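Asks: Below is one structure. I have some questions about it.
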Amino acid sequence: MHPLQCACRVQSCLRWGSLSSVPWLLRRACRTHSRLPSTACPSLQSQEDGVLKDFSARLATGPTFQHFLRSASAHQEKPPSLDAEDPPPYVTVDDLLGRQRKVYLETYGCQMNVNDTEIAWSILQRSGYQRTSDLQEADVILLVTCSIREKAEQAIWNRLRQLKILKTKRPRSRLPLRIGILGCMAERLKEEILDKEKIVDLLAGPDAYRDLPRLLSLADSGQQAANVLLSLDETYADVMPVQTSPSATSAFVSIMRGCDNMCSYCIVPFTRGRERSRPVVSILEEVRKLSEQGLKEVTLLGQNVNSFRDSSEVQFNNAAPASLSRGFTANYKTKRGGLRFSHLLDQVSRIDPEMRIRFTSPHPKDFPDEVLQLIEERDNICKQIHLPAQSGSSRVLDAMRRGYSREAYVELVHHIRESIPGVSLSSDFIAGFCGETEEDHLKTVSLLREVQYNTGFLFAYSMRQKTRAYHRLKDDVPEEVKLRRLEELITVFREEASKANKASVGCTQLVLVEGPSKRSAADLCGRNDGNLRVIFPDAEMEDAINPGLKVKAQPGDYVLVKITSASSQTLKGHVLCRTTLRDSSACG
């Protein structure tokens, strides 16, 4: 290569590349030049000298190292803006605007997905999108999905087939219809969805909702867009969820995301990532705003809600690790420091004495005595605990990597009932897990009878890819056996729940009114402290808040109801009076 060509390449590098490559090119130019004979074209030699002198002059007048240091320092001192983030370099601010396009959101699965729907809508609303409850008028349809079981995913595939017809028949005079998959299924089945369902325009995993305006902008350019990256720190702490139901009396507040337990059957750590907790300050601010809006019940949410650990406060980072329930172990190294769940529960319960506090879903290993004592002491912390067992067989529990035996679990149940008299218990059970024998199944049946839960969530095992069970165990229980065992568990649960709930007959219970009963316009429906549905006639009653007045109950009211009958899922009674949470004994 001629030295002039080398110099030209140096100039090209300066224009398009980084300065780091300049010395190498200069050395190469010099070495090439030294190998040329001295008689090589003198005119080119003079041109080369001119280019190099020009290059040296440009370097001398350009920015120095100190310039870059000052620029970096000034950038760090600039306070971050939560309202206006810089768009990616290939997307303009205008591209991110919704321009009043209408979004239809459809939610599947757990309460976390309900909260995720509110977060996603909050982000889109700030970008200028409008919300619609009419599928036909939507410009954007977003499905917030669940991957916990195969049945949940199948519901989405079926829904996409329906939406394909809607998209195909959309008039050309309207804006193109955009369809997106959000949540766990987007993360788990990215390639399959994009390849199989060409009608899907965008995918956003549980940690990518901030990216929705950009993804929609890319979809508008005619390409499929996806972001399913998991985060080690995303908690959406600065995003205030928008309540999707204006008439709601209760709300979900996400306090943490992800899970570290790595139970062998569970897909959650692979679709939602590792555990990370929101700062306590941001949670308290959200609960305070919900109280100001008049909501009467808040449920603190997390995949493993009672392992909450806020490490944002440096002064608490050397605190001793929280103690586990007796006889329980963790699948991960116990973490030191941070503000724990008992501290959060204490602070949240102090915000509004008239606001009920619940939490779900916990792991049985994370119930230290201070949490149980707090539940027992505070009137507005509901005396209801979800205690997922999954199986009544210690052998199966070990294969599930649950970190406890049947005996340790039963001991915890006794301890909770001793610490919180009258507590209502609920649980999760899986029928037909890998290697489950008939003997194992009967042990689960006997646990249902022994504990006598008030509420239960029971499912047949569905193997999920990526899980430990998928890689190391065999799904060897036939489907018909799984379903038969599930039916047996459901039958026994209902029998025992009916017995447990009938103990409430004749008692007076405080009920938070939710609205009309779905089965009868003449009845109202609400929930008691134990989260059981209570049905009662929509009749006039005494008002303990304003003595002498007769009123009818409205959503958000606390009323006292005398229970007259009970089933495995519902209590019925007649209303006595309207009251407050603090004064609920006034009409007793």
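Naming works like this for the structure tokens: A, B, ... for the chains as they're shown, residue 1 at the start of each chain, ligands 1 onward in shown order.
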Using DSSP secondary structure from the backbone, list all strand (DSSP E) positions within region 222-323 of chain A, as a ChimeraX atom specification.
Replies: /A:225-227,250-254,256-257,276-277,297-301,309-310
Asks: Which residues are near region 287-294 of chain A? Cut-off 12 Å, only C-alpha atoms, ignore same chain within fewer than 5 positions. Put them as a ChimeraX atom specification.
Replies: /A:240-243,246-255,280-282,299-300,344-345,347-357,555-557
Asks: Counting only C-alpha atoms, what is within 6 Å of region 194-210 of chain A, bar same-chain residues fewer than 6 positions away, as a list in words?
Replies: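 After dropping sequence-adjacent residues, the list is Ala120, Arg178, Ile179, Gly180, Ile181, Leu182, Gly183, Ala186, Glu187, Ala219, Gln224, Ala225, Ala226, Asn227, Val228 and Leu230 of chain A.
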Asks: Using backbone DSSP assignments, extract all helix (DSSP H, G or I) residues from region 59-273 of chain A; output them as a PyMOL selection string.
Replies: chain A and resi 59-61+65-77+94-96+111-126+135-137+150-168+184-188+190-196+209-220+268-271
Asks: Using only C-alpha atoms, which residue out of A:Met400, A:Glu137, A:Tyr332, A:Leu387 lies closest to Pro171 (chain A)?
Replies: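 Answer, going by the shortest atom-to-atom distance: A:Glu137.
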Asks: Near region 475-478 of chain A, within 9 Å and counting only C-alpha atoms, which residues show up once chain neighbours fewer than 5 positions away are dropped, as a list in words?
Replies: Gly432, Phe433, Cys434, Gly435, Glu436, Thr437, Tyr461, Ser462, Met463, Ala469, Tyr470 and Leu483 of chain A
Asks: Could you write out that same residue set with N, CA, C and O atoms as an mmCIF file, in the first residue's frame?
Replies:
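Wrote it out as again_10.cif, contents follow:
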data_model
loop_
_atom_site.group_PDB
_atom_site.id
_atom_site.type_symbol
_atom_site.label_atom_id
_atom_site.label_comp_id
_atom_site.auth_asym_id
_atom_site.auth_seq_id
_atom_site.Cartn_x
_atom_site.Cartn_y
_atom_site.Cartn_z
ATOM 1 N N GLY A 432 -49.559 -35.071 41.133
ATOM 2 C CA GLY A 432 -48.865 -35.819 40.091
ATOM 3 C C GLY A 432 -47.501 -35.301 39.727
ATOM 4 O O GLY A 432 -47.087 -35.390 38.565
ATOM 5 N N PHE A 433 -46.748 -34.779 40.713
ATOM 6 C CA PHE A 433 -45.382 -34.343 40.420
ATOM 7 C C PHE A 433 -44.506 -35.547 40.066
ATOM 8 O O PHE A 433 -44.854 -36.700 40.355
ATOM 9 N N CYS A 434 -43.366 -35.287 39.452
ATOM 10 C CA CYS A 434 -42.446 -36.339 38.993
ATOM 11 C C CYS A 434 -42.178 -37.367 40.098
ATOM 12 O O CYS A 434 -41.759 -37.000 41.201
ATOM 13 N N GLY A 435 -42.417 -38.631 39.792
ATOM 14 C CA GLY A 435 -42.115 -39.703 40.741
ATOM 15 C C GLY A 435 -43.111 -39.870 41.864
ATOM 16 O O GLY A 435 -42.917 -40.713 42.742
ATOM 17 N N GLU A 436 -44.213 -39.104 41.857
ATOM 18 C CA GLU A 436 -45.192 -39.219 42.935
ATOM 19 C C GLU A 436 -45.906 -40.576 42.863
ATOM 20 O O GLU A 436 -46.472 -40.947 41.832
ATOM 21 N N THR A 437 -45.868 -41.313 43.953
ATOM 22 C CA THR A 437 -46.535 -42.607 44.022
ATOM 23 C C THR A 437 -47.924 -42.440 44.632
ATOM 24 O O THR A 437 -48.286 -41.366 45.114
ATOM 25 N N TYR A 461 -49.782 -31.304 37.888
ATOM 26 C CA TYR A 461 -48.429 -30.899 37.525
ATOM 27 C C TYR A 461 -48.282 -30.714 36.021
ATOM 28 O O TYR A 461 -48.761 -31.525 35.227
ATOM 29 N N SER A 462 -47.630 -29.630 35.636
ATOM 30 C CA SER A 462 -47.354 -29.335 34.234
ATOM 31 C C SER A 462 -45.868 -29.010 34.117
ATOM 32 O O SER A 462 -45.408 -27.995 34.631
ATOM 33 N N MET A 463 -45.110 -29.893 33.467
ATOM 34 C CA MET A 463 -43.663 -29.686 33.372
ATOM 35 C C MET A 463 -43.348 -28.482 32.482
ATOM 36 O O MET A 463 -43.922 -28.311 31.423
ATOM 37 N N ALA A 469 -36.603 -29.673 37.240
ATOM 38 C CA ALA A 469 -37.337 -30.919 37.004
ATOM 39 C C ALA A 469 -37.254 -31.325 35.537
ATOM 40 O O ALA A 469 -37.140 -32.519 35.216
ATOM 41 N N TYR A 470 -37.306 -30.360 34.636
ATOM 42 C CA TYR A 470 -37.244 -30.647 33.204
ATOM 43 C C TYR A 470 -35.913 -31.300 32.839
ATOM 44 O O TYR A 470 -35.854 -32.201 31.999
ATOM 45 N N LEU A 483 -54.998 -36.250 36.770
ATOM 46 C CA LEU A 483 -56.341 -35.669 36.853
ATOM 47 C C LEU A 483 -57.194 -36.370 37.906
ATOM 48 O O LEU A 483 -57.972 -35.727 38.623
#
Asks: Find the residues near Leu177 (chain A): any atom within 9 Å, counting only C-alpha atoms, skip ones fewer than 6 places away on the same chain, and give them as an NGL selection string.
Replies: :A and (138-141 or 166-167 or 170)
Asks: Grab the residues selected above and save them as an mmCIF file, in the first residue's frame with N, CA, C and O atoms.
Replies:
data_model
loop_
_atom_site.group_PDB
_atom_site.id
_atom_site.type_symbol
_atom_site.label_atom_id
_atom_site.label_comp_id
_atom_site.auth_asym_id
_atom_site.auth_seq_id
_atom_site.Cartn_x
_atom_site.Cartn_y
_atom_site.Cartn_z
ATOM 1 N N ALA A 138 -59.738 -0.652 19.490
ATOM 2 C CA ALA A 138 -58.334 -0.597 19.895
ATOM 3 C C ALA A 138 -57.405 -0.469 18.687
ATOM 4 O O ALA A 138 -57.637 -1.057 17.633
ATOM 5 N N ASP A 139 -56.344 0.319 18.847
ATOM 6 C CA ASP A 139 -55.260 0.399 17.874
ATOM 7 C C ASP A 139 -54.084 -0.484 18.288
ATOM 8 O O ASP A 139 -53.263 -0.858 17.459
ATOM 9 N N VAL A 140 -54.014 -0.758 19.599
ATOM 10 C CA VAL A 140 -52.963 -1.613 20.153
ATOM 11 C C VAL A 140 -53.614 -2.591 21.129
ATOM 12 O O VAL A 140 -54.366 -2.174 22.008
ATOM 13 N N ILE A 141 -53.342 -3.877 20.958
ATOM 14 C CA ILE A 141 -53.855 -4.899 21.875
ATOM 15 C C ILE A 141 -52.658 -5.568 22.551
ATOM 16 O O ILE A 141 -51.776 -6.112 21.874
ATOM 17 N N LEU A 166 -59.395 -10.590 13.684
ATOM 18 C CA LEU A 166 -59.655 -9.164 13.890
ATOM 19 C C LEU A 166 -58.651 -8.311 13.115
ATOM 20 O O LEU A 166 -59.018 -7.306 12.496
ATOM 21 N N LYS A 167 -57.384 -8.719 13.130
ATOM 22 C CA LYS A 167 -56.345 -7.955 12.443
ATOM 23 C C LYS A 167 -56.500 -8.046 10.926
ATOM 24 O O LYS A 167 -56.311 -7.072 10.203
ATOM 25 N N ARG A 170 -59.340 -5.791 9.559
ATOM 26 C CA ARG A 170 -59.285 -4.366 9.909
ATOM 27 C C ARG A 170 -59.304 -3.510 8.643
ATOM 28 O O ARG A 170 -58.511 -3.740 7.707
#
Asks: Ala152 (chain A): which residues within 9 Å, counting only C-alpha atoms, same-chain residues fewer than 5 positions away excluded, as a list in words?
Replies: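 With the cut-off at 9 Å, the set is Tyr108, Gly109, Thr145, Cys146 and Ser147 of chain A.
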Asks: Contacts of Asp260 (chain A) at 6 Å or less, counting only C-alpha atoms, minus same-chain residues fewer than 2 places along, as a ChimeraX atom specification?
Replies: /A:262,274-275
Asks: May I have the residues from that selection written out with N, CA and C atoms, as a PDB file, in the first residue's frame?
Replies:
ATOM      1  N   MET A 262     -35.726 -21.334  43.526  1.00  0.00           N
ATOM      2  CA  MET A 262     -35.363 -22.374  42.557  1.00  0.00           C
ATOM      3  C   MET A 262     -35.995 -23.725  42.879  1.00  0.00           C
ATOM      4  N   ARG A 274     -34.080 -13.007  39.216  1.00  0.00           N
ATOM      5  CA  ARG A 274     -33.719 -13.160  40.624  1.00  0.00           C
ATOM      6  C   ARG A 274     -34.420 -12.124  41.485  1.00  0.00           C
ATOM      7  N   GLU A 275     -34.418 -12.384  42.794  1.00  0.00           N
ATOM      8  CA  GLU A 275     -35.117 -11.492  43.731  1.00  0.00           C
ATOM      9  C   GLU A 275     -34.455 -10.121  43.809  1.00  0.00           C
TER      10      GLU A 275
END
Asks: Please measure the separation of CA of His386 (chain A) and CA of Ser427 (chain A), giving the value in Å to one decimal.
Replies: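 Interatomic distance, CA of His386 (chain A) to CA of Ser427 (chain A): 5.6 Å.
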Asks: Return the single residue from A:Leu560, A:Ala408, A:Ala497, A:Leu295 that is closest to Ser245 (chain A), with distances computed using only C-alpha atoms.
Replies: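 Under the stated criterion, the closest residue is A:Leu295.
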Asks: Hey, can you check how far CA of Arg272 (chain A) sits from CA of Pro388 (chain A)?
Replies: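 CA of Arg272 (chain A) sits 19.4 Å away from CA of Pro388 (chain A).
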Asks: Quick one: pull the distance between CA of Arg395 (chain A) and CA of Gly258 (chain A), Å, one decimal.
Replies: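 For CA of Arg395 (chain A) relative to CA of Gly258 (chain A), the distance reads 26.6 Å.
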Asks: Can you work out which one of A:Asn380, A:Ser567, A:Thr329, A:Gln154 has the shortest atom-to-atom distance to Lys296 (chain A), counting only C-alpha atoms?
Replies: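 Between A:Asn380, A:Ser567, A:Thr329, A:Gln154, the residue approaching Lys296 (chain A) most closely is A:Asn380.
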